[in-house]
$ cat protein02.cif   # mmCIF, C-alpha atoms and all ligand atoms
data_protein
loop_
_atom_site.label_atom_id
_atom_site.label_comp_id
_atom_site.auth_asym_id
_atom_site.auth_seq_id
_atom_site.Cartn_x
_atom_site.Cartn_y
_atom_site.Cartn_z
CA MET A 1 25.64 24.98 -2.72
CA LYS A 2 27.22 27.46 -0.35
CA GLU A 3 31.01 27.27 -0.30
CA ILE A 4 32.50 27.08 3.13
CA GLY A 5 36.18 27.03 3.81
CA MET A 6 37.35 23.46 4.14
CA SER A 7 40.91 22.27 4.31
CA CYS A 8 42.40 18.91 3.40
CA PRO A 9 43.07 16.91 6.60
CA ASN A 10 46.30 15.73 4.89
CA GLY A 11 47.67 19.25 4.74
CA HIS A 12 47.08 20.16 1.08
CA GLY A 13 45.34 23.42 1.91
CA LYS A 14 41.91 24.54 0.75
CA ILE A 15 39.77 21.94 -0.98
CA VAL A 16 36.97 22.65 -3.47
CA ILE A 17 33.48 21.38 -4.28
CA LYS A 18 33.24 19.00 -7.19
CA LYS A 19 30.26 17.43 -8.90
CA VAL A 20 30.82 13.70 -9.28
CA ARG A 21 28.82 10.64 -10.26
CA LYS A 22 29.21 7.95 -7.68
CA LYS A 23 28.43 4.26 -7.92
CA VAL A 24 26.60 3.20 -4.77
CA ALA A 25 25.26 -0.20 -3.70
CA PHE A 26 21.86 0.36 -2.09
CA ARG A 27 19.23 -2.22 -1.11
CA GLY A 28 20.92 -4.81 -3.25
CA ILE A 29 21.29 -2.86 -6.47
CA ASN A 30 24.01 -0.63 -7.90
CA ILE A 31 22.96 2.89 -8.68
CA ILE A 32 24.77 5.91 -10.09
CA VAL A 33 24.22 8.97 -7.95
CA PRO A 34 25.15 12.53 -8.94
CA ILE A 35 26.55 14.23 -5.85
CA GLU A 36 28.46 17.33 -4.79
CA GLN A 37 31.20 17.10 -2.25
CA TYR A 38 34.56 18.52 -1.31
CA ILE A 39 37.47 16.68 -2.89
CA CYS A 40 41.16 17.42 -2.48
CA GLN A 41 42.80 17.90 -5.87
CA VAL A 42 46.05 16.49 -4.56
CA CYS A 43 45.21 13.36 -2.54
CA GLY A 44 41.55 12.83 -3.45
CA VAL A 45 40.25 12.83 0.12
CA GLU A 46 36.48 13.43 0.22
CA ALA A 47 34.56 15.48 2.76
CA SER A 48 30.95 16.58 3.12
CA THR A 49 29.18 19.20 5.17
CA ILE A 50 26.07 18.14 7.08
CA ASP A 51 23.90 19.76 4.37
CA GLN A 52 25.76 17.92 1.66
CA ALA A 53 25.44 14.62 3.51
CA ALA A 54 21.66 15.13 3.69
CA ASP A 55 21.56 15.97 -0.02
CA ILE A 56 23.56 12.82 -0.78
CA GLN A 57 21.05 10.69 1.16
CA LYS A 58 18.25 12.30 -0.82
CA ALA A 59 20.08 11.77 -4.12
CA ILE A 60 20.64 8.08 -3.29
CA SER A 61 16.96 7.67 -2.42
CA ASP A 62 15.87 9.33 -5.66
CA ALA A 63 18.32 7.36 -7.82
CA TYR A 64 17.12 4.15 -6.18
CA ARG A 65 13.47 5.05 -6.67
CA LYS A 66 14.13 5.87 -10.30
CA ALA A 67 15.90 2.52 -10.77
CA VAL A 68 13.04 0.46 -9.30
CA ASN A 69 10.30 2.48 -10.96
CA LEU A 70 8.97 4.36 -7.94
CA LEU A 71 8.19 8.07 -8.07
CA THR A 72 11.18 10.09 -6.83
CA GLY A 73 10.83 12.80 -4.19
CA LYS A 74 11.36 15.42 -6.85
CA GLU A 75 8.74 13.87 -9.13
CA ILE A 76 6.21 13.83 -6.28
CA VAL A 77 6.89 17.52 -5.55
CA ASP A 78 6.75 18.51 -9.25
CA LYS A 79 3.52 16.65 -9.97
CA ARG A 80 1.90 17.92 -6.79
CA LYS A 81 2.77 21.53 -7.61
CA ARG A 82 1.55 21.16 -11.18
CA LEU A 83 -1.83 20.16 -9.73
CA LYS A 84 -1.58 23.14 -7.33
CA LEU A 85 -2.04 20.80 -4.38
CA THR A 86 -0.61 21.51 -0.94
CA GLN A 87 1.01 18.60 0.91
CA GLU A 88 -2.10 18.56 3.08
CA ALA A 89 -4.46 18.37 0.08
CA LEU A 90 -2.49 15.48 -1.39
CA ALA A 91 -2.55 13.69 1.99
CA LYS A 92 -6.32 14.09 2.15
CA ARG A 93 -6.74 12.78 -1.38
CA MET A 94 -4.77 9.67 -0.39
CA ASN A 95 -6.19 9.11 3.10
CA VAL A 96 -2.71 9.35 4.62
CA GLY A 97 -1.15 11.75 7.11
CA ILE A 98 0.70 14.86 5.94
CA ALA A 99 3.84 13.46 7.62
CA SER A 100 3.92 10.67 5.03
CA ILE A 101 3.86 13.15 2.15
CA LYS A 102 6.67 15.14 3.78
CA ARG A 103 8.75 12.01 4.28
CA TRP A 104 8.33 10.75 0.71
CA GLU A 105 9.17 14.14 -0.75
CA GLY A 106 12.12 14.40 1.62
CA GLY A 107 13.71 11.06 0.73
CA THR A 108 11.90 8.24 2.53
CA ILE A 109 11.15 5.44 0.07
CA GLN A 110 7.44 4.67 -0.29
CA SER A 111 6.07 1.13 -0.52
CA LYS A 112 4.90 -0.20 -3.87
CA SER A 113 1.25 0.09 -2.83
CA MET A 114 1.73 3.66 -1.62
CA ASP A 115 3.49 4.46 -4.89
CA HIS A 116 0.44 3.13 -6.69
CA ALA A 117 -1.80 5.34 -4.52
CA LEU A 118 0.46 8.34 -5.17
CA ARG A 119 0.23 7.88 -8.92
CA ILE A 120 -3.56 7.68 -8.77
CA ALA A 121 -3.79 10.78 -6.56
CA LEU A 122 -1.29 12.71 -8.68
CA GLY A 123 -3.16 11.63 -11.79
CA GLY A 124 -6.07 13.67 -10.48
CA GLN A 125 -8.22 10.88 -9.02
CA SER A 126 -9.13 10.17 -5.45
CA VAL A 127 -7.65 6.92 -4.19
CA GLY A 128 -10.71 6.30 -2.07
CA ASP A 129 -12.11 4.09 -4.80
CA SER A 130 -8.99 2.02 -5.04
CA CYS A 131 -9.29 1.24 -1.32
CA THR A 132 -13.06 0.67 -1.21
CA GLY A 133 -13.72 -0.90 -4.60
CA ASN A 134 -16.14 1.80 -5.80
CA ARG A 135 -18.70 1.26 -3.07
CA PRO A 136 -19.40 3.14 0.19
CA PHE A 137 -18.25 1.19 3.24
CA SER A 138 -21.12 -0.59 5.01
CA ILE A 139 -20.84 -2.63 8.21
CA PRO A 140 -24.40 -4.07 7.90
CA ARG A 141 -23.41 -5.32 4.45
CA ILE A 142 -20.35 -7.09 5.89
CA LYS A 143 -22.74 -8.88 8.25
CA LEU A 144 -25.11 -9.66 5.37
CA VAL A 145 -22.33 -11.14 3.21
CA LEU A 146 -20.99 -13.22 6.11
CA LYS A 147 -24.52 -14.49 6.92
CA GLU A 148 -24.90 -15.54 3.28
CA PHE A 149 -21.61 -17.46 3.53
CA GLU A 150 -22.75 -19.07 6.79
CA SER A 151 -26.03 -20.22 5.25
CA ILE A 152 -24.18 -21.98 2.40
CA LEU A 153 -21.30 -23.33 4.50
CA GLY A 154 -23.71 -24.46 7.22
CA LYS A 155 -21.54 -23.15 10.03
CA HIS A 156 -20.55 -20.01 11.89
CA ILE A 157 -17.56 -18.17 10.47
CA LEU A 158 -18.11 -14.87 12.27
CA LYS A 159 -16.60 -15.56 15.68
CA LYS A 160 -15.52 -13.02 18.20
CA ASN A 161 -12.38 -14.70 19.43
CA ASP A 162 -10.54 -15.64 16.26
CA LYS A 163 -9.98 -12.03 15.07
CA MET A 164 -12.04 -12.90 11.98
CA LEU A 165 -9.14 -15.06 10.85
CA PHE A 166 -11.33 -17.01 8.41
CA ALA A 167 -14.33 -14.69 8.04
CA ALA A 168 -12.07 -11.90 6.76
CA LYS A 169 -10.71 -14.15 4.03
CA TYR A 170 -14.15 -15.20 2.78
CA LEU A 171 -15.08 -11.52 2.84
CA TRP A 172 -11.91 -10.52 1.02
CA TYR A 173 -12.57 -12.98 -1.78
CA ALA A 174 -16.19 -11.82 -2.03
CA ASP A 175 -15.15 -8.18 -2.30
CA MET A 176 -12.27 -8.80 -4.69
CA VAL A 177 -14.13 -11.18 -7.02
CA ALA A 178 -17.14 -8.84 -7.07
CA HIS A 179 -14.85 -5.93 -7.93
CA ARG A 180 -13.24 -7.92 -10.73
CA GLU A 181 -16.53 -9.13 -12.19
CA THR A 182 -19.02 -6.34 -11.47
CA GLY A 183 -16.73 -3.32 -11.05
CA GLU A 184 -17.86 -2.87 -7.43
CA SER A 185 -16.90 -4.51 -4.16
CA MET A 186 -19.72 -5.88 -1.97
CA THR A 187 -18.99 -4.09 1.29
CA GLY A 188 -16.64 -1.16 0.56
CA SER A 189 -14.15 -2.64 3.02
CA THR A 190 -10.46 -1.73 2.86
CA TYR A 191 -8.03 -4.64 3.23
CA ALA A 192 -4.45 -4.63 4.38
CA THR A 193 -1.65 -7.15 4.51
CA PHE A 194 -1.18 -8.73 7.92
CA PRO A 195 1.08 -11.62 8.95
CA TYR A 196 -1.94 -13.97 8.82
CA GLY A 197 -3.10 -12.89 5.38
CA PRO A 198 -5.41 -10.25 3.95
CA GLN A 199 -7.49 -8.69 6.72
CA LEU A 200 -9.97 -5.85 7.17
CA ASN A 201 -7.74 -2.83 7.55
CA ASN A 202 -8.94 -1.85 11.01
CA TYR A 203 -10.57 -5.09 12.09
CA LYS A 204 -9.86 -4.51 15.78
CA ASP A 205 -12.13 -1.46 15.73
CA LEU A 206 -14.74 -3.10 13.54
CA ILE A 207 -15.28 -6.52 15.00
CA ASP A 208 -17.73 -5.52 17.76
CA ASP A 209 -19.72 -3.36 15.35
CA ILE A 210 -19.91 -6.20 12.85
CA MET A 211 -21.13 -8.62 15.55
CA LYS A 212 -23.82 -6.11 16.59
CA ALA A 213 -24.80 -4.93 13.07
CA ASP A 214 -28.30 -5.49 11.72
CA GLU A 215 -27.96 -7.05 8.27
CA ALA A 216 -31.59 -6.15 7.50
CA LYS A 217 -30.40 -2.55 7.18
CA ALA A 218 -28.01 -3.41 4.34
CA GLU A 219 -28.78 -3.13 0.64
CA PRO A 220 -29.93 -6.64 -0.36
CA LEU A 221 -27.51 -8.83 -2.31
CA SER A 222 -28.00 -8.88 -6.07
CA PRO A 223 -28.38 -12.26 -7.85
CA GLU A 224 -24.86 -11.76 -9.27
CA GLU A 225 -23.44 -11.16 -5.80
CA LYS A 226 -25.21 -14.24 -4.46
CA ARG A 227 -23.72 -16.31 -7.28
CA ILE A 228 -20.23 -15.04 -6.44
CA ILE A 229 -20.64 -15.89 -2.75
CA THR A 230 -21.95 -19.36 -3.63
CA ARG A 231 -18.98 -20.01 -5.92
CA ILE A 232 -16.50 -18.99 -3.21
CA ALA A 233 -18.28 -21.04 -0.52
CA LEU A 234 -18.38 -24.15 -2.72
CA LYS A 235 -14.73 -23.84 -3.71
CA PHE A 236 -13.60 -23.24 -0.12
CA SER A 237 -15.98 -25.47 1.81
CA LYS A 238 -13.61 -25.66 4.78
CA GLU A 239 -12.17 -22.63 6.58
CA ARG A 240 -8.65 -23.95 6.20
CA MET A 241 -9.11 -23.95 2.41
CA VAL A 242 -9.91 -20.25 2.17
CA TYR A 243 -7.02 -19.52 4.51
CA ASP A 244 -4.55 -21.48 2.38
CA ALA A 245 -5.83 -20.07 -0.91
CA ALA A 246 -5.61 -16.47 0.33
CA HIS A 247 -2.05 -17.10 1.44
CA LYS A 248 -1.08 -18.16 -2.07
CA GLU A 249 -2.45 -15.01 -3.73
CA LYS A 250 0.39 -12.93 -5.09
CA ILE A 251 -1.62 -9.69 -4.76
CA TRP A 252 -1.35 -10.22 -1.02
CA LYS A 253 2.18 -11.63 -0.92
CA LYS A 254 3.71 -8.79 -2.91
CA GLN A 255 2.57 -6.16 -0.38
CA PRO A 256 4.72 -5.22 2.60
CA ASN A 257 3.17 -5.85 6.01
CA GLY A 258 0.46 -3.30 6.83
CA ALA A 259 0.04 -2.05 3.25
CA ILE A 260 -3.38 -1.61 1.66
CA ILE A 261 -4.27 -4.17 -1.02
CA PRO A 262 -5.66 -2.05 -3.87
CA TYR A 263 -8.87 -3.26 -5.52
CA PRO A 264 -7.51 -2.87 -9.07
CA ASP A 265 -5.22 -5.82 -8.22
CA SER A 266 -8.35 -8.03 -8.18
CA ALA A 267 -7.58 -8.66 -11.86
CA GLU A 268 -4.62 -10.80 -10.74
CA LEU A 269 -6.49 -13.07 -8.28
CA SER A 270 -5.61 -16.68 -8.98
CA GLY A 271 -7.66 -18.72 -6.47
CA LEU A 272 -10.99 -18.05 -8.22
ZN ZN A 301 44.72 16.33 0.21
#

$ encode --input "protein02.cif" --output "structure tokens"
Amino acid sequence: MKEIGMSCPNGHGKIVIKKVRKKVAFRGINIIVPIEQYICQVCGVEASTIDQAADIQKAISDAYRKAVNLLTGKEIVDKRKRLKLTQEALAKRMNVGIASIKRWEGGTIQSKSMDHALRIALGGQSVGDSCTGNRPFSIPRIKLVLKEFESILGKHILKKNDKMLFAAKYLWYADMVAHRETGESMTGSTYATFPYGPQLNNYKDLIDDIMKADEAKAEPLSPEEKRIITRIALKFSKERMVYDAAHKEKIWKKQPNGAIIPYPDSAELSGL
């Protein structure tokens, strides 16, 4: 840290930089943060330069992340460099923007799901599979799965005006249960946490394409997949039931709004 001349505002002359460990309350927990700041030897008054203040913010963020078991900014940088990845290459591997990588390395605290994605990407794998359940995304297959549900339920669930409120939840269960039991999702869809439950990540862009899609172009459902769909349809014979069950799933509830629900969490589904 560069020393600049700083004087005690209480008239004790020049004050010096000291390394101290500070107890800080942050997001409801107490953390110990190692920081550097100017402290007067006589009266104990503390002062920071703008650079020091930024470093303190970063140190608090890292100490917090360490305490709650999230990768710290420094750990993200170290692991990324060990893999010889640029920030851009890591962003690509995670399907996020480079700005996110810069923010997390610089002190912004990542969500739990993004931390999970970071660990996978920094472990050398692509997170694509964790978002798609090991299957390429297919809109005709979404239509095919929903048609299969409709034939068992005996009613339309794919409606244009309800934002797929119920259809998305049948689909989510189908993809998650298939991932848990066959190792592959059915449609390759990515799901995110929305205020009304798990939802196709970019459903607003997809809904028209799903309505128009030709399910005959999709890979046919396997007997195992048909059995899974039947089980879900019989358990949730009314739309309200699938809605309520999805809302009780902790793999959805634990995610912050807008976060991706990773497929490996399918192991913790409780409704089926
Ligand atoms: Zn002083």

$ residues_near_point --input "protein02.cif" --point "(-18.5, -16.9, 10.3)" --cutoff "10 Å" --atoms "only C-alpha atoms" --output "list of chain:residue names"
A:Lys143, A:Val145, A:Leu146, A:Lys147, A:Glu148, A:Phe149, A:Glu150, A:Ser151, A:Leu153, A:Gly154, A:Lys155, A:His156, A:Ile157, A:Leu158, A:Lys159, A:Lys160, A:Met164, A:Leu165, A:Phe166, A:Ala167, A:Ala168, A:Tyr170, A:Leu171, A:Glu239

$ closest_atom_pairs --input "protein02.cif" --of "chain A" --to "ligand ZN 301 (chain A)" --cutoff "6 Å" --atoms "only C-alpha atoms and all ligand atoms" --output "JSON lines"
{"residue": "A:Cys8", "atom": "CA", "partner": "A:ZN301", "partner_atom": "ZN", "distance": 4.7}
{"residue": "A:Asn10", "atom": "CA", "partner": "A:ZN301", "partner_atom": "ZN", "distance": 5.0}
{"residue": "A:His12", "atom": "CA", "partner": "A:ZN301", "partner_atom": "ZN", "distance": 4.6}
{"residue": "A:Cys40", "atom": "CA", "partner": "A:ZN301", "partner_atom": "ZN", "distance": 4.6}
{"residue": "A:Val42", "atom": "CA", "partner": "A:ZN301", "partner_atom": "ZN", "distance": 5.0}
{"residue": "A:Cys43", "atom": "CA", "partner": "A:ZN301", "partner_atom": "ZN", "distance": 4.1}
{"residue": "A:Gly44", "atom": "CA", "partner": "A:ZN301", "partner_atom": "ZN", "distance": 6.0}
{"residue": "A:Val45", "atom": "CA", "partner": "A:ZN301", "partner_atom": "ZN", "distance": 5.7}

$ write_last_selection --input "protein02.cif" --atoms "C-alpha atoms" --output "PDB file, keeping the file's coordinate frame"
ATOM      1  CA  CYS A   8      42.400  18.910   3.400  1.00  0.00           C
ATOM      2  CA  ASN A  10      46.300  15.730   4.890  1.00  0.00           C
ATOM      3  CA  HIS A  12      47.080  20.160   1.080  1.00  0.00           C
ATOM      4  CA  CYS A  40      41.160  17.420  -2.480  1.00  0.00           C
ATOM      5  CA  VAL A  42      46.050  16.490  -4.560  1.00  0.00           C
ATOM      6  CA  CYS A  43      45.210  13.360  -2.540  1.00  0.00           C
ATOM      7  CA  GLY A  44      41.550  12.830  -3.450  1.00  0.00           C
ATOM      8  CA  VAL A  45      40.250  12.830   0.120  1.00  0.00           C
TER       9      VAL A  45
END

$ residues_around --input "protein02.cif" --residues "range 70-74 of chain A" --least-positions-apart "6" --cutoff "12 Å" --atoms "only C-alpha atoms" --output "PyMOL selection string"
chain A and resi 55+57-64+80-81+100-120+122

$ write_last_selection --input "protein02.cif" --atoms "C-alpha atoms" --output "PDB file, keeping the file's coordinate frame"
ATOM      1  CA  ASP A  55      21.560  15.970  -0.020  1.00  0.00           C
ATOM      2  CA  GLN A  57      21.050  10.690   1.160  1.00  0.00           C
ATOM      3  CA  LYS A  58      18.250  12.300  -0.820  1.00  0.00           C
ATOM      4  CA  ALA A  59      20.080  11.770  -4.120  1.00  0.00           C
ATOM      5  CA  ILE A  60      20.640   8.080  -3.290  1.00  0.00           C
ATOM      6  CA  SER A  61      16.960   7.670  -2.420  1.00  0.00           C
ATOM      7  CA  ASP A  62      15.870   9.330  -5.660  1.00  0.00           C
ATOM      8  CA  ALA A  63      18.320   7.360  -7.820  1.00  0.00           C
ATOM      9  CA  TYR A  64      17.120   4.150  -6.180  1.00  0.00           C
ATOM     10  CA  ARG A  80       1.900  17.920  -6.790  1.00  0.00           C
ATOM     11  CA  LYS A  81       2.770  21.530  -7.610  1.00  0.00           C
ATOM     12  CA  SER A 100       3.920  10.670   5.030  1.00  0.00           C
ATOM     13  CA  ILE A 101       3.860  13.150   2.150  1.00  0.00           C
ATOM     14  CA  LYS A 102       6.670  15.140   3.780  1.00  0.00           C
ATOM     15  CA  ARG A 103       8.750  12.010   4.280  1.00  0.00           C
ATOM     16  CA  TRP A 104       8.330  10.750   0.710  1.00  0.00           C
ATOM     17  CA  GLU A 105       9.170  14.140  -0.750  1.00  0.00           C
ATOM     18  CA  GLY A 106      12.120  14.400   1.620  1.00  0.00           C
ATOM     19  CA  GLY A 107      13.710  11.060   0.730  1.00  0.00           C
ATOM     20  CA  THR A 108      11.900   8.240   2.530  1.00  0.00           C
ATOM     21  CA  ILE A 109      11.150   5.440   0.070  1.00  0.00           C
ATOM     22  CA  GLN A 110       7.440   4.670  -0.290  1.00  0.00           C
ATOM     23  CA  SER A 111       6.070   1.130  -0.520  1.00  0.00           C
ATOM     24  CA  LYS A 112       4.900  -0.200  -3.870  1.00  0.00           C
ATOM     25  CA  SER A 113       1.250   0.090  -2.830  1.00  0.00           C
ATOM     26  CA  MET A 114       1.730   3.660  -1.620  1.00  0.00           C
ATOM     27  CA  ASP A 115       3.490   4.460  -4.890  1.00  0.00           C
ATOM     28  CA  HIS A 116       0.440   3.130  -6.690  1.00  0.00           C
ATOM     29  CA  ALA A 117      -1.800   5.340  -4.520  1.00  0.00           C
ATOM     30  CA  LEU A 118       0.460   8.340  -5.170  1.00  0.00           C
ATOM     31  CA  ARG A 119       0.230   7.880  -8.920  1.00  0.00           C
ATOM     32  CA  ILE A 120      -3.560   7.680  -8.770  1.00  0.00           C
ATOM     33  CA  LEU A 122      -1.290  12.710  -8.680  1.00  0.00           C
TER      34      LEU A 122
END

$ atom_distance --input "protein02.cif" --atom1 "CA of Ser266 in chain A" --atom2 "CA of Ile251 in chain A"
7.7 Å

$ residues_around --input "protein02.cif" --residues "Glu268 in chain A" --least-positions-apart "6" --cutoff "12 Å" --atoms "only C-alpha atoms" --output "list in words"
Met176, Val177, His179, Arg180, Lys248, Glu249, Lys250, Ile251, Trp252, Lys253, Lys254, Ile261 and Pro262 of chain A

$ closest_residue --input "protein02.cif" --among "A:Met211, A:Ala54, A:Ala89, A:Ile260" --to "Ile142 in chain A" --atoms "all atoms listed in the file"
A:Met211

$ closest_residue --input "protein02.cif" --among "A:Ile31, A:Ile139, A:Leu272, A:Ala267" --to "Tyr203 in chain A" --atoms "all atoms listed in the file"
A:Ile139

$ axis_aligned_box --input "protein02.cif" --around "range 194-206 of chain A" --padding-each-side "3 Å" --output "AutoDock Vina command-line options"
--center_x -6.8 --center_y -7.7 --center_z 9.9 --size_x 21.8 --size_y 18.5 --size_z 17.8

$ residues_around --input "protein02.cif" --residues "Gly197 in chain A" --least-positions-apart "3" --cutoff "8 Å" --atoms "all atoms listed in the file" --output "list in words"
Lys169, Thr193, Phe194, Tyr243, Ala246, His247 and Trp252 of chain A

$ atom_distance --input "protein02.cif" --atom1 "CA of Val77 in chain A" --atom2 "CA of Ala99 in chain A"
14.1 Å

$ atom_distance --input "protein02.cif" --atom1 "CA of Ile210 in chain A" --atom2 "CA of Phe236 in chain A"
22.3 Å

$ closest_residue --input "protein02.cif" --among "A:Ala67, A:Met186, A:Ile56, A:Ala259" --to "Leu144 in chain A" --atoms "only C-alpha atoms"
A:Met186

$ closest_residue --input "protein02.cif" --among "A:Ser185, A:Lys23, A:Ala121, A:Ile32" --to "Leu221 in chain A" --atoms "all atoms listed in the file"
A:Ser185
